[in-house]
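Participant: You'll find target.csv just under this line, and it carries CSV, C-alpha atoms.
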chain,number,residue,atom,x,y,z
O,704,MET,CA,117.2,132.3,65.4
O,705,SER,CA,117.7,129.5,68.0
O,706,SER,CA,114.9,127.1,68.8
O,707,GLY,CA,115.1,128.3,72.4
O,708,ARG,CA,114.2,131.8,71.4
O,709,GLU,CA,111.5,130.5,69.0
O,710,ASP,CA,110.0,128.5,71.9
O,711,ALA,CA,110.2,131.6,74.1
O,712,PHE,CA,108.3,133.7,71.5
O,713,ALA,CA,105.7,130.9,71.1
O,714,ARG,CA,105.2,130.6,74.8
O,715,SER,CA,104.9,134.3,75.4
O,716,ARG,CA,102.4,134.6,72.5
O,717,GLY,CA,100.4,131.6,73.6
O,718,ASP,CA,100.1,132.6,77.2
O,719,ALA,CA,99.2,136.2,76.4
O,720,LEU,CA,96.6,135.1,73.8
O,721,ALA,CA,95.0,132.7,76.3
O,722,GLU,CA,94.8,135.6,78.8
O,723,LEU,CA,93.3,137.9,76.1
O,724,ARG,CA,90.7,135.2,75.2
O,725,ALA,CA,89.8,134.7,78.9
O,726,ALA,CA,89.3,138.5,79.5
O,727,PRO,CA,88.6,140.2,76.1
O,728,THR,CA,87.2,143.3,77.8
O,729,LEU,CA,88.9,145.1,80.8
O,730,ALA,CA,88.0,147.9,83.1
O,731,SER,CA,90.1,151.0,82.6
O,732,TRP,CA,92.3,152.2,85.4
O,733,ARG,CA,89.9,155.0,86.2
O,734,THR,CA,87.1,152.5,86.9
O,735,GLN,CA,89.5,150.6,89.1
O,736,ALA,CA,90.5,153.8,90.9
O,737,TRP,CA,86.9,154.7,91.6
O,738,ARG,CA,86.4,151.2,93.1
O,739,VAL,CA,89.3,151.9,95.4
O,740,VAL,CA,88.0,155.3,96.3
O,741,ALA,CA,84.5,153.8,97.0
O,742,GLY,CA,86.3,151.4,99.3
O,743,PHE,CA,87.9,154.2,101.3
O,744,ALA,CA,84.8,156.4,101.4
O,745,GLY,CA,82.3,153.6,101.9
O,746,THR,CA,84.1,152.1,104.8
O,747,GLY,CA,84.6,155.5,106.5
O,748,LEU,CA,81.0,156.6,106.0
O,749,LEU,CA,79.7,153.2,107.2
O,750,ALA,CA,81.8,153.5,110.3
O,751,ALA,CA,80.6,157.1,110.8
O,752,ALA,CA,77.0,156.0,110.3
O,753,ALA,CA,77.5,153.3,112.9
O,754,ALA,CA,79.0,155.9,115.3
O,755,LEU,CA,75.9,158.0,114.8
O,756,ALA,CA,73.6,155.1,115.3
O,757,ALA,CA,75.3,154.1,118.5
O,758,SER,CA,75.1,157.6,119.8
O,759,LEU,CA,78.9,158.0,119.9
O,760,ALA,CA,78.4,161.2,118.0
O,761,GLY,CA,75.5,163.5,117.2
O,762,TRP,CA,74.6,165.5,114.1
O,763,HIS,CA,76.0,168.7,115.7
O,764,ARG,CA,79.4,167.0,115.8
O,765,VAL,CA,79.0,166.2,112.1
O,766,LEU,CA,78.3,169.8,111.3
O,767,GLU,CA,81.1,171.0,113.6
O,768,ARG,CA,83.7,168.8,111.9
O,769,ALA,CA,82.2,169.0,108.4
O,770,PRO,CA,85.2,170.9,106.8
O,771,LEU,CA,87.7,168.3,108.1
O,772,LEU,CA,85.3,165.4,107.2
O,773,LEU,CA,85.1,166.7,103.6
O,774,CYS,CA,88.9,167.2,103.5
O,775,LEU,CA,89.2,163.5,104.5
O,776,LEU,CA,86.9,162.4,101.8
O,777,ALA,CA,88.7,164.5,99.2
O,778,THR,CA,92.1,163.2,100.4
O,779,GLY,CA,90.8,159.7,100.1
O,780,THR,CA,89.7,160.4,96.5
O,781,VAL,CA,93.0,161.9,95.5
O,782,ALA,CA,94.8,159.1,97.2
O,783,GLY,CA,92.9,156.4,95.3
O,784,PHE,CA,93.8,158.0,92.0
O,785,ALA,CA,97.3,158.6,93.1
O,786,ALA,CA,97.7,154.9,93.9
O,787,LEU,CA,96.4,153.7,90.5
O,788,ALA,CA,97.0,156.4,87.9
O,789,PRO,CA,99.6,155.4,85.3
O,790,ARG,CA,101.0,158.9,85.1
O,791,GLY,CA,100.2,159.9,88.6
O,792,ARG,CA,103.2,162.0,89.6
O,793,LEU,CA,101.1,165.0,90.3
O,794,TRP,CA,98.4,163.0,92.1
O,795,ARG,CA,101.0,161.4,94.3
O,796,ALA,CA,102.8,164.7,95.1
O,797,ALA,CA,99.4,166.1,96.0
O,798,VAL,CA,98.7,163.2,98.4
O,799,LEU,CA,102.2,163.4,100.0
O,800,VAL,CA,101.5,167.0,100.7
O,801,ALA,CA,97.8,166.9,101.6
O,802,GLY,CA,98.1,163.8,103.9
O,803,PRO,CA,100.6,165.3,106.4
O,804,ALA,CA,98.8,168.7,106.2
O,805,LEU,CA,95.5,167.1,107.0
O,806,MET,CA,97.1,165.1,109.9
O,807,ALA,CA,98.4,168.4,111.3
O,808,ALA,CA,94.9,170.0,110.8
O,809,LEU,CA,93.3,167.1,112.7
O,810,VAL,CA,95.7,167.6,115.6
O,811,LEU,CA,95.6,171.4,115.7
O,812,SER,CA,91.8,171.6,115.5
O,813,ARG,CA,91.3,169.6,118.7
O,814,GLY,CA,92.4,171.8,121.5
O,815,ALA,CA,92.2,170.4,125.1
O,816,GLY,CA,89.4,167.9,124.3
O,817,ALA,CA,87.2,166.1,126.8
O,818,PRO,CA,87.9,163.2,129.1
O,819,SER,CA,86.7,159.7,128.2
O,820,SER,CA,86.4,156.4,130.1
O,821,THR,CA,87.4,154.3,127.0
O,822,PRO,CA,91.1,153.3,126.9
O,823,GLU,CA,93.2,155.4,124.5
O,824,TRP,CA,94.5,152.3,122.7
O,825,ALA,CA,90.9,151.6,121.6
O,826,CYS,CA,91.1,154.6,119.3
O,827,SER,CA,94.4,153.3,117.8
O,828,ALA,CA,93.0,149.8,117.4
O,829,SER,CA,89.7,151.0,115.8
O,830,HIS,CA,91.6,153.4,113.5
O,831,VAL,CA,94.0,150.6,112.3
O,832,GLY,CA,91.2,148.0,112.2
O,833,ILE,CA,88.9,150.1,110.1
O,834,GLY,CA,91.8,151.2,107.8
O,835,LEU,CA,92.7,147.6,107.0
O,836,ILE,CA,89.3,147.0,105.3
O,837,PRO,CA,89.7,149.6,102.5
O,838,LEU,CA,93.4,148.7,102.4
O,839,ALA,CA,92.4,145.3,101.0
O,840,PHE,CA,90.8,147.2,98.1
O,841,ALA,CA,93.8,149.3,97.7
O,842,LEU,CA,96.2,146.4,97.7
O,843,TRP,CA,94.2,144.8,95.0
O,844,GLY,CA,94.5,148.0,93.0
O,845,LEU,CA,98.3,148.2,93.6
O,846,ARG,CA,98.8,144.7,92.2
O,847,GLN,CA,97.6,146.0,88.8
O,848,SER,CA,100.8,147.9,88.2
O,849,ALA,CA,104.5,147.8,89.0
O,850,TRP,CA,105.4,148.6,92.7
O,851,ARG,CA,106.3,152.1,93.6
O,852,TRP,CA,106.7,153.3,97.2
O,853,SER,CA,104.8,156.5,96.4
O,854,ARG,CA,101.8,154.5,95.1
O,855,ALA,CA,101.9,152.3,98.2
O,856,ILE,CA,102.0,155.3,100.6
O,857,ALA,CA,99.2,157.0,98.8
O,858,ALA,CA,97.1,153.8,99.1
O,859,GLY,CA,97.9,153.6,102.8
O,860,LEU,CA,97.1,157.3,103.4
O,861,GLY,CA,93.8,156.8,101.5
O,862,ALA,CA,92.9,153.8,103.5
O,863,GLY,CA,93.7,155.6,106.7
O,864,THR,CA,91.1,158.3,106.0
O,865,ALA,CA,88.4,155.7,106.8
O,866,GLY,CA,89.5,155.4,110.4
O,867,ALA,CA,90.1,159.2,110.6
O,868,LEU,CA,86.5,159.8,109.6
O,869,LEU,CA,85.3,157.7,112.6
O,870,GLY,CA,87.9,159.3,114.9
O,871,GLU,CA,86.7,162.8,114.0
O,872,LEU,CA,83.1,161.9,115.0
O,873,ALA,CA,83.4,159.4,117.8
O,874,CYS,CA,86.6,160.6,119.7
O,875,HIS,CA,86.4,163.8,121.8
O,876,ARG,CA,89.9,163.7,123.3
O,877,GLY,CA,92.5,166.4,122.9
O,878,ALA,CA,95.3,167.2,120.5
O,879,LEU,CA,98.0,165.0,122.0
O,880,HIS,CA,95.7,161.9,121.9
O,881,VAL,CA,94.9,162.6,118.3
O,882,LEU,CA,98.6,163.0,117.5
O,883,VAL,CA,99.6,159.7,119.2
O,884,HIS,CA,96.6,157.4,118.7
O,885,HIS,CA,95.0,158.6,115.5
O,886,VAL,CA,97.8,160.1,113.4
O,887,GLY,CA,100.0,157.4,114.7
O,888,ALA,CA,97.5,154.7,113.7
O,889,TRP,CA,97.1,156.4,110.3
O,890,ILE,CA,100.9,156.2,109.8
O,891,VAL,CA,100.8,152.5,110.8
O,892,VAL,CA,98.1,151.9,108.1
O,893,ALA,CA,100.4,153.6,105.5
O,894,ALA,CA,103.4,151.5,106.7
O,895,VAL,CA,101.3,148.3,106.5
O,896,SER,CA,100.4,149.3,102.9
O,897,VAL,CA,104.0,149.7,101.9
O,898,LEU,CA,105.1,146.4,103.6
O,899,LEU,CA,102.3,144.2,102.2
O,900,SER,CA,102.4,145.7,98.7
O,901,ARG,CA,106.2,145.4,98.5
O,902,HIS,CA,106.0,141.6,99.2
O,903,ALA,CA,103.0,140.8,97.1
O,904,ARG,CA,103.8,139.7,93.6
O,905,PRO,CA,102.3,142.2,91.2
O,906,ARG,CA,99.7,141.0,88.7
O,907,THR,CA,101.3,143.2,86.0
O,908,PHE,CA,104.4,145.3,85.6
O,909,ALA,CA,102.8,148.1,83.8
O,910,PRO,CA,103.6,151.7,84.8
B,1044,MET,CA,96.8,149.5,70.0
B,1045,GLN,CA,93.2,150.7,70.4
B,1046,ARG,CA,92.0,147.5,68.7
B,1047,PHE,CA,94.2,145.4,71.0
B,1048,CYS,CA,92.8,147.2,74.0
B,1049,ARG,CA,89.3,146.1,72.8
B,1050,GLY,CA,90.5,142.5,72.8
B,1051,ASP,CA,91.4,142.1,69.1
B,1052,GLU,CA,93.7,139.0,68.9
B,1053,ALA,CA,95.0,139.9,65.4
B,1054,ALA,CA,96.1,143.3,66.7
B,1055,PHE,CA,97.9,141.6,69.6
B,1056,ASP,CA,99.6,139.2,67.2
B,1057,MET,CA,100.9,142.1,65.2
B,1058,LEU,CA,102.3,143.9,68.3
B,1059,HIS,CA,103.9,140.7,69.6
B,1060,HIS,CA,105.5,140.0,66.2
B,1061,ARG,CA,106.8,143.6,66.1
B,1062,TYR,CA,108.3,143.8,69.6
B,1063,ALA,CA,109.0,140.3,71.0
B,1064,ALA,CA,112.5,139.9,69.6
B,1065,ALA,CA,113.6,143.4,70.6
B,1066,VAL,CA,112.2,143.0,74.1
B,1067,LEU,CA,113.9,139.6,74.5
B,1068,ALA,CA,117.2,141.2,73.4
B,1069,TYR,CA,116.8,144.0,75.9
B,1070,LEU,CA,115.9,141.6,78.7
B,1071,THR,CA,118.9,139.4,77.9
B,1072,ARG,CA,121.2,142.4,78.0
B,1073,MET,CA,119.8,143.7,81.3
B,1074,LEU,CA,119.8,140.3,83.1
B,1075,ARG,CA,122.6,138.5,81.4
B,1076,ASP,CA,120.6,135.3,81.9
B,1077,SER,CA,118.9,134.1,78.7
B,1078,ALA,CA,116.6,131.6,80.6
B,1079,LEU,CA,115.4,134.3,83.0
B,1080,ALA,CA,115.0,136.7,80.1
B,1081,GLU,CA,112.8,134.2,78.2
B,1082,ASP,CA,110.7,133.8,81.3
B,1083,LEU,CA,110.4,137.6,81.7
B,1084,LEU,CA,109.4,137.9,78.0
B,1085,GLN,CA,106.4,135.8,78.9
B,1086,THR,CA,105.8,137.9,82.0
B,1087,THR,CA,106.1,141.1,80.0
B,1088,PHE,CA,103.5,140.1,77.4
B,1089,LEU,CA,101.2,138.7,80.1
B,1090,SER,CA,101.4,142.1,81.8
B,1091,PHE,CA,100.9,143.8,78.4
B,1092,VAL,CA,97.6,142.0,78.0
B,1093,ARG,CA,96.5,142.2,81.7
B,1094,ALA,CA,97.3,145.9,82.0
B,1095,ARG,CA,95.9,147.1,78.7
B,1096,GLY,CA,93.2,149.0,80.8
B,1097,ARG,CA,96.1,151.1,82.0
B,1098,TYR,CA,97.2,152.1,78.5
B,1099,GLU,CA,96.4,155.7,77.8
B,1100,ALA,CA,95.8,156.9,74.2
B,1101,GLY,CA,98.8,158.9,73.0
B,1102,THR,CA,101.4,156.8,74.9
B,1103,LYS,CA,104.0,155.3,72.5
B,1104,VAL,CA,103.4,151.6,72.5
B,1105,ARG,CA,107.2,150.8,72.2
B,1106,ALA,CA,107.9,153.0,75.3
B,1107,TRP,CA,105.1,151.4,77.2
B,1108,ILE,CA,106.2,147.8,76.5
B,1109,TYR,CA,109.8,148.6,77.4
B,1110,ALA,CA,108.5,150.2,80.6
B,1111,ILE,CA,106.8,146.9,81.4
B,1112,ALA,CA,109.9,144.9,80.6
B,1113,THR,CA,112.1,147.2,82.6
B,1114,ASN,CA,109.8,146.9,85.7
B,1115,ALA,CA,109.7,143.1,85.3
B,1116,ALA,CA,113.5,143.0,85.1
B,1117,ARG,CA,114.0,145.2,88.1
B,1118,ASP,CA,111.6,143.0,90.1
B,1119,ALA,CA,113.4,139.8,89.0
B,1120,LEU,CA,116.8,141.3,90.0
B,1121,ARG,CA,115.5,142.5,93.3
B,1122,ARG,CA,114.0,139.0,94.0
B,1123,ARG,CA,117.2,137.2,93.3
B,1124,ARG,CA,119.1,139.6,95.5
B,1125,ALA,CA,120.5,141.8,92.8
B,1126,ARG,CA,122.9,139.3,91.2
B,1127,PRO,CA,122.6,140.5,87.6
B,1128,GLU,CA,125.4,138.5,86.1
B,1129,ARG,CA,125.4,134.8,85.1
B,1130,LEU,CA,129.0,134.1,84.2
B,1131,THR,CA,130.8,131.0,83.1
B,1132,ASP,CA,133.7,129.5,85.1
B,1133,THR,CA,136.2,131.6,83.2
B,1134,GLY,CA,134.4,134.8,84.3
B,1135,ALA,CA,133.0,135.4,80.8
B,1136,PRO,CA,129.4,135.8,80.0
B,1137,PRO,CA,127.7,132.7,78.6
B,1138,ASP,CA,127.6,132.5,74.8
B,1139,ASP,CA,123.9,132.9,74.5
B,1140,VAL,CA,124.3,136.3,76.1
B,1141,ALA,CA,127.3,137.3,74.1
B,1142,GLU,CA,125.4,136.5,70.9
B,1143,THR,CA,123.1,139.5,71.5
B,1144,ALA,CA,126.1,141.9,71.2
B,1145,ALA,CA,127.2,143.4,67.9
B,1146,PRO,CA,128.8,140.4,66.1
B,1147,ARG,CA,131.5,142.3,64.1
B,1148,ASP,CA,134.2,142.1,66.8
B,1149,PRO,CA,133.3,139.4,69.3
B,1150,ALA,CA,136.0,140.4,71.8
B,1151,ALA,CA,135.0,144.1,71.7
B,1152,ALA,CA,131.3,143.1,72.0
B,1153,ARG,CA,132.0,141.0,75.0
B,1154,ALA,CA,134.0,143.8,76.6
B,1155,VAL,CA,131.1,146.2,76.1
B,1156,GLU,CA,128.6,143.7,77.5
B,1157,ASP,CA,130.9,143.2,80.5
B,1158,ALA,CA,131.3,146.9,81.0
B,1159,LEU,CA,127.5,147.4,80.8
B,1160,THR,CA,127.0,145.0,83.7
B,1161,ARG,CA,129.3,147.2,85.8
B,1162,LEU,CA,127.1,150.3,85.3
B,1163,PRO,CA,124.6,151.3,88.0
B,1164,PRO,CA,121.2,149.8,87.0
B,1165,ASP,CA,119.6,153.2,86.2
B,1166,GLN,CA,122.5,154.1,83.8
B,1167,ARG,CA,122.6,150.7,82.3
B,1168,GLU,CA,118.9,150.9,81.5
B,1169,ALA,CA,119.3,154.3,79.8
B,1170,VAL,CA,122.4,153.2,77.8
B,1171,VAL,CA,120.9,149.9,76.6
B,1172,LEU,CA,117.6,151.5,75.7
B,1173,HIS,CA,119.3,154.3,73.8
B,1174,LYS,CA,122.3,152.7,72.2
B,1175,LEU,CA,121.3,149.1,71.7
B,1176,GLN,CA,117.5,149.3,71.5
B,1177,GLU,CA,117.6,152.6,69.7
B,1178,LEU,CA,114.8,154.3,71.6
B,1179,SER,CA,114.6,158.1,71.6
B,1180,PHE,CA,115.1,160.0,74.8
B,1181,GLU,CA,111.4,160.8,74.9
B,1182,GLU,CA,110.6,157.0,74.7
B,1183,ILE,CA,113.3,156.3,77.3
B,1184,ALA,CA,111.8,158.9,79.6
B,1185,ALA,CA,108.3,157.3,79.2
B,1186,ALA,CA,109.6,153.8,79.7
B,1187,LEU,CA,111.5,154.7,82.9
B,1188,GLY,CA,108.9,157.1,84.3
B,1189,ILE,CA,111.4,160.0,84.4
B,1190,SER,CA,111.8,163.3,82.6
B,1191,VAL,CA,113.5,163.6,79.3
B,1192,GLY,CA,116.3,165.6,80.9
B,1193,ALA,CA,116.8,162.9,83.6
B,1194,ALA,CA,117.0,160.3,80.8
B,1195,LYS,CA,119.7,162.2,79.0
B,1196,VAL,CA,121.6,162.7,82.2
B,1197,ARG,CA,121.5,159.0,83.0
B,1198,ALA,CA,122.6,158.0,79.5
B,1199,HIS,CA,125.4,160.6,79.5
B,1200,ARG,CA,126.7,159.4,82.9
B,1201,GLY,CA,126.5,155.9,81.6
B,1202,TYR,CA,128.5,156.6,78.5
B,1203,GLU,CA,131.1,158.5,80.5
B,1204,ARG,CA,131.4,155.5,82.8
B,1205,LEU,CA,131.6,153.1,79.9
B,1206,ARG,CA,134.4,155.1,78.4
B,1207,GLN,CA,136.3,154.9,81.6
B,1208,LEU,CA,135.7,151.2,81.9
B,1209,LEU,CA,136.6,150.4,78.3
B,1210,GLY,CA,139.7,152.5,78.0
B,1211,PRO,CA,141.0,152.4,74.4
B,1212,LEU,CA,137.8,150.7,73.3
B,1213,GLY,CA,135.8,153.5,74.8
B,1214,GLY,CA,135.6,155.6,71.7
B,1215,GLU,CA,133.6,152.9,69.9
B,1216,ALA,CA,131.1,152.4,72.7
Could you render the structure as structure tokens?
Facilitator:
Amino acid sequence: MSSGREDAFARSRGDALAELRAAPTLASWRTQAWRVVAGFAGTGLLAAAAALAASLAGWHRVLERAPLLLCLLATGTVAGFAALAPRGRLWRAAVLVAGPALMAALVLSRGAGAPSSTPEWACSASHVGIGLIPLAFALWGLRQSAWRWSRAIAAGLGAGTAGALLGELACHRGALHVLVHHVGAWIVVAAVSVLLSRHARPRTFAP
Amino acid sequence: MQRFCRGDEAAFDMLHHRYAAAVLAYLTRMLRDSALAEDLLQTTFLSFVRARGRYEAGTKVRAWIYAIATNAARDALRRRRARPERLTDTGAPPDDVAETAAPRDPAAARAVEDALTRLPPDQREAVVLHKLQELSFEEIAAALGISVGAAKVRAHRGYERLRQLLGPLGGEA
């Protein structure tokens, strides 16, 4: 065995042991996934609470949209697990089906809608802006494993549910607006997730 | 593995002693750059420690560590713009790389190593893990995150391509 190889073995052992001593106990991936899900749901619920407090929506609106709001929370939960689960093929397949289906449901459930004095782009901006907060949690989670496009999209779709929660309560416009300014913004959040996570150096290369 | 996951250093030492040489040989074959392979050995074991919260009971440790090494190698290749070969001026692989091949017939070993680099990356991974690292198809499937059937197909295609590339030597590959 050459000394170069021996040095490589010693280096890899030494670095790994130092890491092990620095953090002898670690959270499981499930704990990490729940943190990411809490980021998605917490941001969305805070934004929704702010909309209620600011009278942008009333409780009747919450009840009216309750099925979709629950679907958004459920999709965010599945997306969080899809992004972090080591063997998450089924989780990720579920998100890749549920995400677009939920987007279609948001659009089709709107109808003609009501006019509004706020500019339409404000909805896009708020949806993307609110989505970027939980996306930071998700990107932290994504760095704990090797990069996969399906994980990154799941994380982006999960982060996008936060803005969608607010949109469902505070925006009263019609289907076309939802398609362009909310679903479009949601897709932008997912795209940002893919781009940022692809260029971030992962902390580990574990599956 | 369970003891290592709880932070036991002796358990880590045992796992490092058991797998480090094989993982380094695998990385050297995949990258054909022994310096980079040594760096990635370090990265692999750092990941192994940092990601132990992602290890699920029942997963074969050998498959899991090869999965980490494979992902690290893919990332390194992507970052250096997929230039997997480090060849000498004569077009041959450097000696430190050729050393990792079977030593009985150096010319044949070198021909096999050269042919391996000409396989598509997914077939190369499957062939190297199966033939040279001696993983089962179940372990290869776990390491590459694919089904057992897909692992067999990749390896089969890789062997077919190797036979074409090696010509008369192909029967020995």
Participant: What does the structure give for the distance between CA of Phe1088 in chain B and CA of Arg906 in chain O, in Å to one decimal?
Facilitator: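 Value for the CA of Phe1088 in chain B-CA of Arg906 in chain O distance: 12.0 Å.
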Participant: For Phe908 in chain O, which residue out of B:Asn1114, B:Ser1190, B:Thr1071, B:Gln1207 is the nearest one, using only C-alpha atoms?
Facilitator: B:Asn1114
Participant: As a PyMOL selection string, please: the residues near range 1093-1103 of chain B (cut-off 6 Å, all atoms listed in the file, same-chain neighbours under 3 positions excluded).
Facilitator: (chain O and resi 729-732) or (chain B and resi 1048+1090+1106)
Participant: What is the CA of Asp1082 in chain B to CA of His1059 in chain B distance in Å?
Facilitator: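 Computing it gives 15.2 Å between the two atoms.
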Participant: Just the residues within 10 Å of Leu1070 in chain B, please, counting all atoms listed in the file, with nothing from its chain fewer than 2 positions along; format it as a PDB file with C-alpha atoms, in the frame of the given file.
Facilitator:
ATOM      1  CA  ALA B1064     112.500 139.900  69.600  1.00  0.00           C
ATOM      2  CA  ALA B1065     113.600 143.400  70.600  1.00  0.00           C
ATOM      3  CA  VAL B1066     112.200 143.000  74.100  1.00  0.00           C
ATOM      4  CA  LEU B1067     113.900 139.600  74.500  1.00  0.00           C
ATOM      5  CA  ALA B1068     117.200 141.200  73.400  1.00  0.00           C
ATOM      6  CA  ARG B1072     121.200 142.400  78.000  1.00  0.00           C
ATOM      7  CA  MET B1073     119.800 143.700  81.300  1.00  0.00           C
ATOM      8  CA  LEU B1074     119.800 140.300  83.100  1.00  0.00           C
ATOM      9  CA  ARG B1075     122.600 138.500  81.400  1.00  0.00           C
ATOM     10  CA  ASP B1076     120.600 135.300  81.900  1.00  0.00           C
ATOM     11  CA  SER B1077     118.900 134.100  78.700  1.00  0.00           C
ATOM     12  CA  LEU B1079     115.400 134.300  83.000  1.00  0.00           C
ATOM     13  CA  ALA B1080     115.000 136.700  80.100  1.00  0.00           C
ATOM     14  CA  GLU B1081     112.800 134.200  78.200  1.00  0.00           C
ATOM     15  CA  ASP B1082     110.700 133.800  81.300  1.00  0.00           C
ATOM     16  CA  LEU B1083     110.400 137.600  81.700  1.00  0.00           C
ATOM     17  CA  LEU B1084     109.400 137.900  78.000  1.00  0.00           C
ATOM     18  CA  THR B1087     106.100 141.100  80.000  1.00  0.00           C
ATOM     19  CA  TYR B1109     109.800 148.600  77.400  1.00  0.00           C
ATOM     20  CA  ALA B1112     109.900 144.900  80.600  1.00  0.00           C
ATOM     21  CA  THR B1113     112.100 147.200  82.600  1.00  0.00           C
ATOM     22  CA  ALA B1115     109.700 143.100  85.300  1.00  0.00           C
ATOM     23  CA  ALA B1116     113.500 143.000  85.100  1.00  0.00           C
ATOM     24  CA  VAL B1171     120.900 149.900  76.600  1.00  0.00           C
TER      25      VAL B1171
END
Participant: Would you mind reading off the distance between CA of Ala1119 in chain B and CA of His1060 in chain B, one decimal, in Å?
Facilitator: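 We find that CA of Ala1119 in chain B and CA of His1060 in chain B lie 24.1 Å from each other.
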Participant: With a distance cut-off of 12 Å and all atoms listed in the file, select the neighbouring residues of Val800 in chain O, excluding the residue or stretch itself and same-chain residues fewer than 2 positions from it, and output the selection as a VMD selection string.
Facilitator: chain O and resid 778 781 to 782 793 to 798 802 to 807 853 856 to 857 860
Participant: Of the candidates B:Leu1120, B:Ile1189, B:Ile1183, B:Thr1160, which shows the shortest atom-to-atom distance to chain O, using all atoms listed in the file?
Facilitator: B:Ile1189
Participant: Got a sec to pull out which chain O residues are within 7 Å of chain B, counting all atoms listed in the file, and send them as a list in words?
Facilitator: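 Written out as asked, the residues are Ala711, Phe712, Arg714, Ser715, Arg716, Asp718, Ala719, Leu720, Leu723, Pro727, Thr728, Leu729, Ala730, Ser731, Trp732, Pro789, Gln847, Ala849, Thr907, Phe908, Ala909 and Pro910 of chain O.
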Participant: Env of Gly745 in chain O: 9 Å cut, atoms = only C-alpha atoms, seq-sep filter 4 positions within chain, self excluded. Answer as a count of residues only.
Facilitator: 6
Participant: Please provide the set of residues having any atom within 10 Å of Glu823 in chain O, restricted to all atoms listed in the file, with same-chain residues fewer than 4 positions apart removed, written as a list in words.
Facilitator: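 What passes the distance filter is Ser819, Ser827, Ala828, Cys874, Arg876, His880, Val881, Val883, His884 and His885 of chain O.
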Participant: Dump as a count of residues only all residues having an atom at most 7 Å from (86.0, 156.1, 103.3), computed in the file's coordinates with only C-alpha atoms.
Facilitator: 12
Participant: Ranking O:Ser758, O:Thr821, O:Ser900, O:Thr734 by minimum distance to Arg846 in chain O and counting all atoms listed in the file, which one comes first?
Facilitator: O:Ser900
Participant: Could you check which of B:Ala1193, B:Leu1209, B:Val1104, B:Ala1198 is closest to Ala1150 in chain B, using all atoms listed in the file?
Facilitator: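 Ranking B:Ala1193, B:Leu1209, B:Val1104, B:Ala1198 by distance to Ala1150 in chain B, first place goes to B:Leu1209.
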Participant: Which is closest to Ala1184 in chain B among B:Pro1163, B:Ala1152, B:Arg1105, B:Asp1157, if we use all atoms listed in the file?
Facilitator: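 Of all the options, B:Arg1105 lies closest to Ala1184 in chain B.
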